[in-house]
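Encoded as structure tokens, the structure appears first; notes follow it.
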Amino acid sequence: MSFRLLFETLVHPRKVVQDLGDAPTPQDAAATLHGSLQIRHVDAGSCNGCELEVTSAFAPVYDAERFGVRLVASPRHADALLVTGPVTKNMAEPLRKTLEAMPEPRLVISLGDCAHDCGIFKGAYGVEGSVSDVVNVDVHIAGCPPRPEVIVEALRGLTGR
Amino acid sequence: MNEVYVVTIGLAGVMAAILGGALPASSRVGAAVALTWVSCGAGIAAAVAVLSSGHVISLSTSAILPLTGVTLVLNPLGALFVISISVVALASTLYWLGYASHGLATRNASCALPLFVTSMLFVPFAASVATFLVLWEMMALASLVLVLTDQSRREAARSAAQWYAVMTHAGAAAILLALVLLSAHSGGQTFADIEAHARHLSGAVRGTIFVLALLGFGSKAGAVPLHVWLPKAHAEAPGPASALMSGAMVNLGIYGIILVGNELLGGGPVWWWLLVSVLGVVSALYGALYAATSTDLKRLLAYSTTDNMGLVLIALGASGLFGAVGRPTTAAIAMVAALLLLVNHSVFKGALFLAAGAVQVATGTRDLDRLGGLMRRMPVTGVVFFVGALSVAALPPFNGFVGEWLLFQGLLHGLPTSNTSVVISVAVAVAALALTGGLTVVAFVKATGIGFLGRGRSVEATEAHEAAITMRLGAAALATLCLVLGLVPMLVLPAIERAAASAGRANATSATSGWISLHLIGLRGVLAPSLLAGGLAIAVLVVIVIRRLTHRRGHAWPAVNPVEPWGSGRKLQTARMQYTATSFAEPLQRVFDDVIRPSRDLDVSHFVESRYYIERIVFHTSNDDLIERQFYRPCIAGVRWWGQRARRLQNGSVHRYLAFGFVALVIVLVVVA
Amino acid sequence: MNEFTHVVTQVLVAVFQVAAVAVGGALLLGLMRKVRSRLEGRVGAPIHQPLLDLRKLFAKQRTRPQDSSWVFGAGPVVLVATVVAVTAVSPLVTAHPPLGQSSDFFAVVFVLLLGSVLLALSALDTGTAFGGMGSSRSMTIGALCEPALLVAILAMAIAARTSNLPALVRIGLNHPALIASPARILALASFLVVILAESGRLPVDNPSTHLELTMIHEAMVLEYSGADLGLITLGESMRLVFLLGLFVNLFVPWGVANRPGALFFSVGLLALIAKVAAVGTTIAVFEVFTAKMRLFRLPELLAGGFVLALLGAVTAVVAR
């Protein structure tokens, strides 16, 4: 347990919060979040392969929670939006609404090749586009599906732990 | 000097009624209100004089009522009631000034309302059987006229007035019997004579008198099972009238019980007070349950009145029980708690009904399922209702909390006793108090939350306008009083203790002490309402400051962002997707389904072409009063059946009717001789 | 001067108790999550993680629904303020808290209820279906908890002849035989059931659920963000620590500072930390092995709690 961190939190809240700022890059995100990241996951049209890997990443073996990451139910509670899959026509508007519902400062993480460039679903009749066509993406995790350790690695980069 | 006050009350009240009925429309309400204010002011002056000096005011004349004359005596108990009625009347009549343009400026209403107030002010003065009964009847008739204000437009108002008329007169008949029995056995009809001879009555007679009085006065107070008129009449009466009925008239029901039980009969055996406690427990639970499951705003408030009167009856019953088993300290505390609960109830229920009246005027509806978002459109009314709701739910820092605390202390310290029935009834009372408290919280979170918060569920709610200035002032005055009495209950406690002492609990005057904190003398219990409120206020300020300070400055995004509510990313979000009052109470209703037994009606209609395609489904559910449905309606049906049978006697022949008269006369002569 | 130093000491004690409960709340939350994680076979977040979460939350933007009124912002504030107010005057670290004479058990219960009511009202102010749902379920459970809670207090107060909270704790310290009396044990068992229900732990409510339709308390806070969410999280964890602190001090009062002095105070603090951590760990272990009860089976659980309390009250009367 970091006593320095605890001390700083309790004694100098003003000084600490001045470090936080809008976070356009992952390195800045680490400075902003100080080891606490709440994620809201949205399946914009994926095949659920990425979801299985995410579940694995938070399960006993890979355990992303020990680095301060947690999945939450409401975008209002979240710092980052984790989007999987290509964005289908029906999910475009809900995805935008979910992002709008998040308070600043916020990040968008796109997970998997489908989220990046529609992957194997490119050109399909139900697909609107990739995630970056619908919302601004801050971090991308590549892979089809990305392995749990890759996911955990990326999240550690964001939390700085 | 004090007699002048009494005469002023009467004269001003009568003048108000006359002018209200005689003047043209532009000035009748104003004149009636001004004179009613004079009358109430004189009432407060008289009551304060009695409470501060301890001397009674008495006035008697043989002029106004033939044969019996009028005897008026104001003792501290009556003085307390006069003050509480005056305060509610002052606020309600002020409110009436703004409300009048919504149907309450007719000659009938302008004559009946001042008459109602005056007769209520005089009931605690009544010191003879005839005076009491005349005033009681005047009060009932005046309020009946007020309930009938809307009767030409709403069938529900007519039906409510019918129920009210029949039940109030049935109650008056029981009271009449009780008082006449008392005076018959005491040889005189003034209360002084009755008190002097009361101890010579046999136990059976005393018991009968007490039960009759309990039934009659209990019905007026709204005790279950004689409460059926209350949700109808209080809901259908216009704003200021319903505030007066719930905030002042039901108090007189309790006044009657204390009058007969403690003053006239001078206390009684344990079973009397067990009966009172049982009535109280049943009323409290029943009222709270129906309030929690009601979707009509004013009906909810009316059932809450039944609930609160049940609490007062529990306190009265506990006081009597402790007195009967020889524990005067806790008996005094319980009586003080009962009177405090009563005073508090007048204030917060008056505020709630006045706010509900403003809502009804602004939106045209009382149905909670069609309201919402009113806190932003009607800020003052919203805050008044919020304060009133927190007071009913007995939450600090408002006045309801102190009364409940005092009652809990009384029950707690009275519990260790050897009498088994007392132990059981007190334990049951505490459990009932707790459950009632919980149900009341649900009812008022529902009423405030669904009625005032969120978004409007209908066009009328989204376009509501704030009430007129006098309406706001009247309601806000009572709400402020809720806060003041919650912070400094010691303002009224000495008066209440004097009143309790005059009602038979002689050591009540030394029951509590202290100005900042309330100490129970002779028992270990301390409460500091103002310190508690102060602590809460400081904590709130500290939290708000912390919330402000921890926000960073100098960023593109604003500190607080008004956004669309989060609905899981749904494209279409309407106000109809919110919870309604029915859905809010549904889990609770399910728990108590066997008690409430709501009627459910499902109507499925198919397309003509094929049974597989459903055209319409209509689901109807209603929470009719269980006692009305299971008991009263069968009784009424039975009476109607009997009436049909008896029609055979009416064949139109005059000879037969004369024969009936002759036979009846002969029987009466035989019996009397 | 003596009066002045006395007042200053009392204020310091109050502030210290509040701070201890605030930090302790976050740590207890972290501890319970850690225990749960370990039993699930993973490492889990460190114990001080909730503190980091709170720090981040307080710096984030606050959002409010467009059509909400002042009640929405007032909910979190009043929730925390009520817990702070009762923590300052309750016998947690010391058996002689500031303003201890007016620290009545009934008053404490009603002040906490004020916080819950304001939170429920602010949930209704969001104008969403989830807010109404959370509010409705939470209030129903609260209504059914009240009888158990108040009768349990009655049972404890009969034996001590007072409902003053520090007096109840001191009686336990001075008369150890009273702790083992059936009345007190039954009352405290009922109190524990109520604590689990009121603070939204399993089997009443799952605090880490993601499914909105299974939420009771969480559904009320879906609309909050930033400092408001931070306040609510803080308030709820403080409330849990406060209630557990009362529970352990009534059940196992040894260690509570009964005399003035820094040494006794430190011992009291350590004892409180140890006892609350122990109870918290037990609850966390219990939660791992329990499933959430159906919403409509909860009245049975709460009725069971009520029966325990009633038995306790009857025993208290009979045994005198």
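Within each chain, counting starts at residue 1; across the structure tokens, chains are named A, B, ... in the order shown, with ligands numbered 1 upward in that order.
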Distance-based interface of chain A with chain B, 6 Å, counting only C-alpha atoms, as a PDB file with C-alpha atoms, in the first residue's frame:
```pdb
ATOM      1  CA  PRO A  94     -26.908   4.395 -28.728  1.00  0.00           C
ATOM      2  CA  LYS A  97     -25.605   8.641 -26.560  1.00  0.00           C
ATOM      3  CA  THR A  98     -23.525   6.498 -24.242  1.00  0.00           C
TER       4      THR A  98
END
```
(request) Please identify every residue of chain A that has at least one atom no more than 6 Å from any atom of chain C, counting only C-alpha atoms, and report them as a PyMOL selection string. (result) chain A and resi 36+60+65-66+68+73-74+76-77+103-104
(request) Using only C-alpha atoms, find the residues of chain B whose closest atom to chain C is at most 7 Å away, then write them as a ChimeraX atom specification. (result) /B:375-376,395-396,412-413,416,430-431,434-435,438-439,442,445,449-450,453-455,524-528,535-536,539-540,543-544,547,550-552,559-567,577-579,584-585,587-588
(request) With a distance cut-off of 8 Å and only C-alpha atoms, select the neighbouring residues of Gly305 of chain C, excluding the residue or stretch itself and same-chain residues fewer than 6 positions from it, and output the selection as a list in words. (result)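 That gives Ala148, Ala189, Ser190, Phe191, Val193 and Val194 of chain C.
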Just N, CA, C and O atoms for this one: save the residues we selected as a short mmCIF file (atom, residue, chain, number, x, y, z; two decimals), in the first residue's frame.
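This went into again.cif:
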```cif
data_model
loop_
_atom_site.label_atom_id
_atom_site.label_comp_id
_atom_site.auth_asym_id
_atom_site.auth_seq_id
_atom_site.Cartn_x
_atom_site.Cartn_y
_atom_site.Cartn_z
N ALA C 148 -38.42 -3.99 12.78
CA ALA C 148 -37.35 -4.78 13.38
C ALA C 148 -36.37 -3.87 14.12
O ALA C 148 -35.99 -4.13 15.26
N ALA C 189 -28.97 -9.70 16.97
CA ALA C 189 -29.14 -10.52 15.76
C ALA C 189 -30.08 -9.81 14.81
O ALA C 189 -29.82 -9.71 13.60
N SER C 190 -31.17 -9.28 15.36
CA SER C 190 -32.12 -8.54 14.54
C SER C 190 -31.46 -7.30 13.95
O SER C 190 -31.65 -6.97 12.77
N PHE C 191 -30.65 -6.62 14.76
CA PHE C 191 -29.95 -5.43 14.31
C PHE C 191 -29.04 -5.76 13.13
O PHE C 191 -28.94 -5.01 12.17
N VAL C 193 -29.42 -8.17 10.89
CA VAL C 193 -30.26 -8.35 9.70
C VAL C 193 -30.63 -6.99 9.11
O VAL C 193 -30.55 -6.77 7.90
N VAL C 194 -31.00 -6.05 10.00
CA VAL C 194 -31.38 -4.72 9.53
C VAL C 194 -30.19 -4.02 8.88
O VAL C 194 -30.33 -3.36 7.86
#
```
(message) Can you tell me, as a ChimeraX atom specification, which residues in segment 59-288 of chain B count as helix (DSSP H, G or I) by DSSP?
(response) /B:76-102,107-125,129-150,155-186,191-200,203-221,229-236,239-264,270-288
(request) Pick out the closest residue to His116 of chain A from this set: A:Ala44, A:Ala142, A:Ala64, A:Val152. Count only C-alpha atoms. (result)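 Closest to His116 of chain A of all the choices is A:Ala142.
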(request) Would you please extract all strand (DSSP E or B) residues from segment 444-523 of chain B, as assigned by DSSP on the backbone, and give them as a list in words? (result)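 The strand (DSSP E or B) residues within segment 444-523 of chain B come out as Thr512, Ser513, Leu518, His519 and Leu520 of chain B.
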(message) What's around Gly216 of chain B at 7 Å? Count only C-alpha atoms, leave out sequence neighbours fewer than 5 positions away in its own chain, and write the answer as a PyMOL selection string.
(response) chain B and resi 171-172+174-175
